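Q: Below is run08.txt; it holds compact mmCIF, C-alpha atoms.
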# COMPACT_ATOMS: atom_id res chain seq x y z
CA MET A 1 25.80 -3.94 -11.17
CA ASN A 2 26.55 -7.45 -9.99
CA GLU A 3 27.37 -6.11 -6.51
CA LEU A 4 24.02 -4.31 -6.36
CA PHE A 5 22.26 -7.53 -7.38
CA GLN A 6 24.03 -9.42 -4.60
CA LEU A 7 23.02 -6.77 -2.07
CA TYR A 8 19.36 -6.27 -2.94
CA ILE A 9 18.23 -9.86 -3.47
CA PRO A 10 19.05 -10.97 0.14
CA ALA A 11 17.49 -7.73 1.44
CA SER A 12 14.26 -8.45 -0.44
CA ILE A 13 14.19 -12.05 0.81
CA LEU A 14 14.74 -10.79 4.36
CA LEU A 15 11.79 -8.38 3.96
CA ILE A 16 9.55 -11.23 2.73
CA VAL A 17 10.58 -13.42 5.69
CA MET A 18 9.96 -10.56 8.14
CA GLY A 19 6.51 -9.98 6.65
CA LEU A 20 5.74 -13.69 7.01
CA TYR A 21 6.96 -13.61 10.64
CA CYS A 22 4.66 -10.65 11.33
CA ILE A 23 1.64 -12.40 9.77
CA ALA A 24 2.36 -15.60 11.69
CA THR A 25 3.04 -14.17 15.16
CA LYS A 26 1.15 -10.90 15.64
CA ARG A 27 -2.32 -10.78 17.17
CA ASP A 28 -3.60 -7.39 15.99
CA LEU A 29 -5.31 -7.49 12.57
CA ILE A 30 -3.86 -4.08 11.58
CA LYS A 31 -0.34 -5.32 12.38
CA ILE A 32 -0.99 -8.40 10.23
CA VAL A 33 -1.96 -6.20 7.25
CA LEU A 34 1.19 -4.12 7.88
CA GLY A 35 3.18 -7.38 7.68
CA LEU A 36 1.45 -8.18 4.40
CA GLU A 37 2.50 -4.79 3.03
CA ILE A 38 6.11 -5.34 4.14
CA MET A 39 6.01 -8.66 2.28
CA THR A 40 4.67 -6.95 -0.86
CA SER A 41 7.44 -4.34 -0.60
CA GLY A 42 10.01 -7.17 -0.43
CA ILE A 43 8.51 -8.79 -3.53
CA ASN A 44 8.60 -5.46 -5.40
CA LEU A 45 12.26 -4.96 -4.48
CA ASN A 46 12.98 -8.54 -5.63
CA LEU A 47 11.30 -7.91 -9.00
CA ILE A 48 13.25 -4.69 -9.58
CA ALA A 49 16.56 -6.26 -8.47
CA MET A 50 15.93 -9.24 -10.79
CA GLY A 51 15.26 -6.87 -13.68
CA LEU A 52 18.56 -4.99 -13.26
CA ARG A 53 20.47 -4.62 -16.53
CA SER A 54 23.60 -2.70 -17.45
CA ASN A 55 21.50 0.19 -18.85
CA GLY A 56 18.90 0.38 -16.07
CA VAL A 57 15.91 -1.75 -15.01
CA ASP A 58 14.12 -3.92 -17.57
CA ALA A 59 10.82 -2.38 -18.76
CA LEU A 60 8.88 -5.63 -18.23
CA ALA A 61 10.13 -5.86 -14.63
CA GLN A 62 8.99 -2.28 -14.02
CA SER A 63 5.62 -3.06 -15.56
CA ILE A 64 5.11 -6.16 -13.42
CA THR A 65 6.21 -4.25 -10.31
CA LEU A 66 3.60 -1.60 -11.08
CA ILE A 67 0.89 -4.28 -11.33
CA SER A 68 2.17 -5.82 -8.07
CA MET A 69 1.91 -2.40 -6.37
CA THR A 70 -1.68 -2.00 -7.57
CA ILE A 71 -2.54 -5.49 -6.29
CA GLY A 72 -0.86 -4.65 -2.94
CA ALA A 73 -2.89 -1.46 -2.61
CA CYS A 74 -6.12 -3.29 -3.52
CA VAL A 75 -5.41 -6.07 -1.01
CA ALA A 76 -4.71 -3.48 1.71
CA ALA A 77 -7.94 -1.59 0.92
CA VAL A 78 -10.09 -4.74 1.06
CA ALA A 79 -8.30 -6.07 4.17
CA LEU A 80 -8.75 -2.77 6.03
CA ALA A 81 -12.44 -2.66 5.02
CA ILE A 82 -12.84 -6.19 6.43
CA ILE A 83 -11.05 -5.07 9.65
CA ILE A 84 -13.47 -2.14 10.04
CA ASN A 85 -16.39 -4.53 9.51
CA VAL A 86 -14.96 -7.00 12.05
CA PHE A 87 -14.52 -4.15 14.56
CA ARG A 88 -18.13 -3.02 14.01
CA HIS A 89 -19.36 -6.57 14.58
CA TYR A 90 -17.16 -7.72 17.47
CA GLY A 91 -15.71 -4.50 18.92
CA THR A 92 -12.10 -5.77 18.77
CA THR A 93 -9.28 -6.36 16.28
CA ASP A 94 -7.41 -8.84 18.49
CA THR A 95 -7.36 -12.26 16.81
CA LYS A 96 -7.15 -14.11 20.11
CA ARG A 97 -10.33 -12.46 21.39
CA LEU A 98 -12.01 -12.95 18.01
CA ARG A 99 -11.39 -16.68 18.30
CA ARG A 100 -13.11 -16.72 21.70
CA LEU A 101 -16.11 -14.85 20.29
CA LYS A 102 -16.91 -17.60 17.77
CA TRP A 103 -20.52 -18.72 17.61
CA MET B 1 15.25 -0.38 5.53
CA ILE B 2 15.53 -3.82 7.15
CA VAL B 3 15.87 -2.19 10.58
CA LEU B 4 12.83 -0.01 9.88
CA ALA B 5 10.82 -3.08 8.80
CA PHE B 6 11.85 -4.83 12.03
CA LEU B 7 10.76 -1.79 14.06
CA VAL B 8 7.39 -1.67 12.22
CA ILE B 9 6.79 -5.25 13.32
CA GLU B 10 8.02 -4.91 16.91
CA VAL B 11 6.81 -1.44 17.98
CA LYS B 12 3.71 -1.78 20.20
CA ASN B 13 2.11 1.59 19.40
CA LEU B 14 0.28 1.21 16.06
CA LEU B 15 0.56 4.89 15.16
CA ARG B 16 4.36 4.77 15.59
CA ALA B 17 4.45 1.53 13.58
CA LEU B 18 2.53 3.30 10.80
CA ALA B 19 4.93 6.28 10.87
CA LEU B 20 7.88 3.87 10.60
CA PHE B 21 6.12 2.08 7.72
CA ILE B 22 5.84 5.42 5.88
CA ILE B 23 9.58 6.06 6.40
CA MET B 24 10.39 2.50 5.28
CA SER B 25 8.35 2.95 2.09
CA SER B 26 10.11 6.27 1.41
CA VAL B 27 13.54 4.62 1.85
CA LEU B 28 12.46 1.83 -0.53
CA SER B 29 11.38 4.50 -3.02
CA VAL B 30 14.86 6.05 -2.85
CA ILE B 31 16.38 2.58 -3.45
CA PHE B 32 14.17 2.12 -6.53
CA TYR B 33 15.37 5.49 -7.78
CA ILE B 34 19.02 4.56 -7.21
CA LEU B 35 18.48 1.26 -9.05
CA GLY B 36 17.30 3.24 -12.09
CA ALA B 37 13.50 2.94 -11.88
CA PRO B 38 12.23 6.51 -11.29
CA PHE B 39 8.62 5.70 -12.25
CA ILE B 40 8.42 2.89 -9.73
CA ALA B 41 10.01 5.18 -7.12
CA VAL B 42 7.30 7.81 -7.62
CA PHE B 43 4.51 5.19 -7.58
CA GLN B 44 5.99 3.67 -4.41
CA LEU B 45 5.90 7.09 -2.77
CA ALA B 46 2.39 7.88 -3.95
CA ILE B 47 0.78 4.48 -3.27
CA TYR B 48 2.62 3.13 -0.21
CA SER B 49 3.76 6.27 1.62
CA GLY B 50 0.58 8.13 0.62
CA ALA B 51 -2.57 6.17 -0.17
CA ILE B 52 -2.04 3.04 1.92
CA ALA B 53 -0.78 5.09 4.88
CA VAL B 54 -3.96 7.20 4.74
CA LEU B 55 -6.09 4.02 4.62
CA PHE B 56 -4.26 2.68 7.69
CA LEU B 57 -4.71 6.00 9.49
CA ALA B 58 -8.45 5.97 8.72
CA THR B 59 -8.72 2.40 10.04
CA LEU B 60 -6.80 3.36 13.19
CA HIS B 61 -9.18 6.30 13.73
CA THR B 62 -12.18 4.00 13.33
CA THR B 63 -10.98 1.13 15.49
CA LYS B 64 -8.87 2.82 18.18
CA GLY B 65 -10.80 6.08 18.57
CA ARG B 66 -9.48 9.56 17.89
CA ILE B 67 -5.71 9.21 18.12
CA LEU B 68 -4.57 12.76 17.29
CA SER B 69 -5.95 16.22 17.95
CA GLU B 70 -7.30 18.25 14.99
CA LYS B 71 -4.41 20.75 14.99
CA LEU B 72 -1.73 18.05 15.25
CA ASN B 73 -3.47 16.14 12.45
CA LEU B 74 -3.39 19.21 10.21
CA ALA B 75 0.25 19.97 11.07
CA ILE B 76 1.38 16.39 10.32
CA GLY B 77 -0.66 16.36 7.09
CA LEU B 78 0.85 19.62 5.88
CA PHE B 79 4.37 18.46 6.83
CA LEU B 80 4.00 15.16 4.94
CA ALA B 81 2.42 16.90 1.93
CA GLY B 82 5.36 19.36 1.89
CA ILE B 83 7.93 16.55 1.97
CA LEU B 84 6.08 14.69 -0.81
CA PHE B 85 5.88 17.85 -2.92
CA VAL B 86 9.64 18.52 -2.55
CA ILE B 87 10.51 14.89 -3.41
CA VAL B 88 8.25 14.83 -6.49
CA LEU B 89 9.70 18.18 -7.56
CA ALA B 90 13.24 16.82 -7.13
CA PHE B 91 12.38 13.70 -9.15
CA SER B 92 10.42 15.51 -11.87
CA ILE B 93 13.45 16.50 -13.97
CA ASN B 94 14.62 12.89 -14.14
CA ILE B 95 11.08 11.70 -14.82
CA ILE B 96 10.83 14.01 -17.82
CA ASP B 97 14.19 12.69 -19.05
CA ALA B 98 13.00 9.12 -18.56
CA LEU B 99 9.81 9.92 -20.51
CA ARG B 100 11.96 11.04 -23.43
CA VAL B 101 13.71 7.67 -23.40
CA VAL B 102 10.43 5.71 -23.23
CA THR B 103 8.64 7.55 -26.09
CA PRO B 104 8.38 5.72 -29.44
CA PRO B 105 10.92 6.19 -32.25
CA GLN B 106 11.05 9.05 -34.76
CA GLY B 107 7.96 10.05 -36.70
CA TYR B 108 5.83 9.90 -33.56
CA SER B 109 2.73 12.09 -33.59
CA LEU B 110 -0.06 12.84 -31.12
CA GLU B 111 -2.45 10.49 -33.00
CA GLU B 112 -0.05 7.60 -32.52
CA ALA B 113 0.23 8.05 -28.76
CA PRO B 114 -2.91 5.97 -27.88
CA PHE B 115 -1.74 3.29 -30.33
CA PHE B 116 1.66 3.15 -28.58
CA LEU B 117 0.03 3.01 -25.15
CA TRP B 118 -2.44 0.24 -26.09
CA THR B 119 0.11 -1.78 -28.04
CA TYR B 120 2.82 -1.84 -25.42
CA ARG B 121 0.97 -1.14 -22.18
CA GLY B 122 -2.59 -2.25 -22.98
CA PHE B 123 -2.48 -5.33 -20.75
CA ASP B 124 -1.27 -3.32 -17.75
CA VAL B 125 -3.98 -0.72 -18.15
CA ILE B 126 -6.80 -3.29 -18.49
CA VAL B 127 -5.58 -5.41 -15.56
CA GLN B 128 -5.17 -2.41 -13.27
CA GLY B 129 -8.54 -0.98 -14.30
CA PHE B 130 -10.28 -4.27 -13.47
CA LEU B 131 -8.36 -4.55 -10.20
CA LEU B 132 -9.36 -1.09 -9.06
CA LEU B 133 -12.99 -1.66 -10.10
CA ALA B 134 -13.08 -4.98 -8.22
CA THR B 135 -11.55 -3.34 -5.14
CA VAL B 136 -14.03 -0.47 -5.11
CA THR B 137 -16.94 -2.93 -5.50
CA ALA B 138 -15.55 -5.14 -2.72
CA VAL B 139 -14.99 -2.26 -0.30
CA VAL B 140 -18.47 -0.84 -0.96
CA ALA B 141 -19.99 -4.32 -0.49
CA ILE B 142 -18.10 -4.91 2.77
CA LEU B 143 -18.81 -1.51 4.33
CA ARG B 144 -22.45 -1.11 3.31
CA LYS B 145 -25.08 -0.91 6.03
CA LYS B 146 -26.76 -4.25 6.53
CA GLU B 147 -30.58 -4.43 6.51
CA GLY B 148 -30.54 -7.24 9.05
CA ALA B 149 -28.68 -5.15 11.61
CA LYS B 150 -31.24 -2.35 11.27
CA VAL B 151 -34.12 -4.79 11.83
CA ILE B 152 -32.42 -6.13 14.97
CA GLU B 153 -31.81 -2.56 16.24
CA GLU B 154 -35.48 -1.67 15.69
CA ALA B 155 -36.60 -4.85 17.46
CA VAL B 156 -34.37 -4.02 20.44
CA LYS B 157 -35.79 -0.46 20.56
CA GLU B 158 -39.36 -1.81 20.50
CA ASP B 159 -38.54 -4.20 23.33
CA VAL B 160 -37.10 -1.35 25.41
CA GLU B 161 -40.16 0.81 24.73
CA ASN B 162 -42.54 -2.02 25.69
CA GLU B 163 -40.72 -2.57 28.96
Kindly transcribe the structure held in the file into structure tokens.

A:
Amino acid sequence: MNELFQLYIPASILLIVMGLYCIATKRDLIKIVLGLEIMTSGINLNLIAMGLRSNGVDALAQSITLISMTIGACVAAVALAIIINVFRHYGTTDTKRLRRLKW
Amino acid sequence: MIVLAFLVIEVKNLLRALALFIIMSSVLSVIFYILGAPFIAVFQLAIYSGAIAVLFLATLHTTKGRILSEKLNLAIGLFLAGILFVIVLAFSINIIDALRVVTPPQGYSLEEAPFFLWTYRGFDVIVQGFLLLATVTAVVAILRKKEGAKVIEEAVKEDVENE
């Protein structure tokens, strides 16, 4: 169990860092939301790995992970709706071009 | 999984990135299952590999034009649905076993089931209900047709007709 803990915690941290990198460096809005989802996946893995016990995963950790998943899905839905609205208004999802189109 | 996440970030084609994201979510679901959380594994599959992927695909269709032909769309949809069905079927035996473990102690009856749910999982249900309601309201508010835009369109049409 301890070995699993040592393996999954760094993996989850790596996923969070990769999601952050994607949000910080990518120009396409859809790619940025994908990065956000990768980050949420990393957080979920972290929660489950933290809740590891000798007889399985702690029920509270599972419960919190479920809430985190719902929040992730809600954030993705709202973000994608905003992207569609931005595309309708400006005709692009490129953040660099959006910056130029400021009024 | 880390390699898949890296590919999702670095692949230029958004459709390929989305396909890799679906695979990454499925791998994460298998990891959850191995760690001993079958419920979370199934929710990961249903929400991330299913619902969110469909939302992304719909956004890609809207913003980047039609990206797949009708027949290819149908074939991919059926293929993914088949894989999901097989995975859920494979998990279902363990899920039923896990349900047996989660159920309340002896003397449990059908009348006590709502009590158990609201006593131990009431907070989760309320929070998630509010979250989903807020999301639906937000998405409807964001995507609704604006009156102002219609007025501007009509004004432009009138100008064109006058000219």

Q: Which residues of range 9-29 of chain A come within 9 Å of range 3-15 of chain B, and for each one, what is the closest pair of atoms and their distance in Å to one decimal, counting all atoms listed in the file, sorted by chain and residue number, as a Markdown table?

A:
| residue | atom | partner | partner_atom | distance |
| --- | --- | --- | --- | --- |
| A:Leu15 | CA | B:Ala5 | CA | 7.2 |
| A:Met18 | CA | B:Phe6 | CA | 7.2 |
| A:Gly19 | CA | B:Ile9 | CA | 8.2 |
| A:Tyr21 | CA | B:Ile9 | CA | 8.8 |
| A:Cys22 | CA | B:Ile9 | CA | 6.1 |
| A:Lys26 | CA | B:Ile9 | CA | 8.3 |

Q: Chain A residues within 6 Å of chain B, counting all atoms listed in the file: which ones, as a CSV table (one decimal) with C-alpha atoms, in the coordinates of the input?

A:
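And here's iface-v5.csv as it stands now:
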chain,number,residue,atom,x,y,z
A,56,GLY,CA,18.9,0.4,-16.1
A,57,VAL,CA,15.9,-1.8,-15.0
A,74,CYS,CA,-6.1,-3.3,-3.5
A,78,VAL,CA,-10.1,-4.7,1.1
A,81,ALA,CA,-12.4,-2.7,5.0

Q: Which distance in Å separates CA of Val33 in chain A and CA of Ile23 in chain B, to one decimal?

A: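 Separating CA of Val33 in chain A from CA of Ile23 in chain B is a distance of 16.9 Å.
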
Q: Measuring between all atoms listed in the file, which one of B:His61, B:Gly82, B:Lys71, B:Ala90 shows the shortest distance to Phe87 in chain A?

A: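 Answer, going by the shortest atom-to-atom distance: B:His61.
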
Q: One number please: CA of Leu57 in chain B to CA of Thr40 in chain A, in Å, one decimal.

A: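 Here the two named atoms are 19.0 Å from each other.
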
Q: What is the CA of Gly91 in chain A to CA of Leu29 in chain A distance in Å?

A: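 It comes out at 12.5 Å.
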
Q: Could you pull out every residue with an atom within 9 Å of (16.2, -7.9, -3.4), file coordinates, counting all atoms listed in the file, and send them as a list in words?

A: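 So the residues meeting the distance criterion are Phe5, Gln6, Leu7, Tyr8, Ile9, Pro10, Ala11, Ser12, Ile13, Leu14, Leu15, Gly42, Ile43, Asn44, Leu45, Asn46, Leu47, Ile48, Ala49 and Met50 of chain A.
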
Q: Pick the closest to Leu45 in chain B from A:Thr25, A:Gln62, A:Ser41, A:Ser54: which is it, counting only C-alpha atoms?

A: A:Ser41
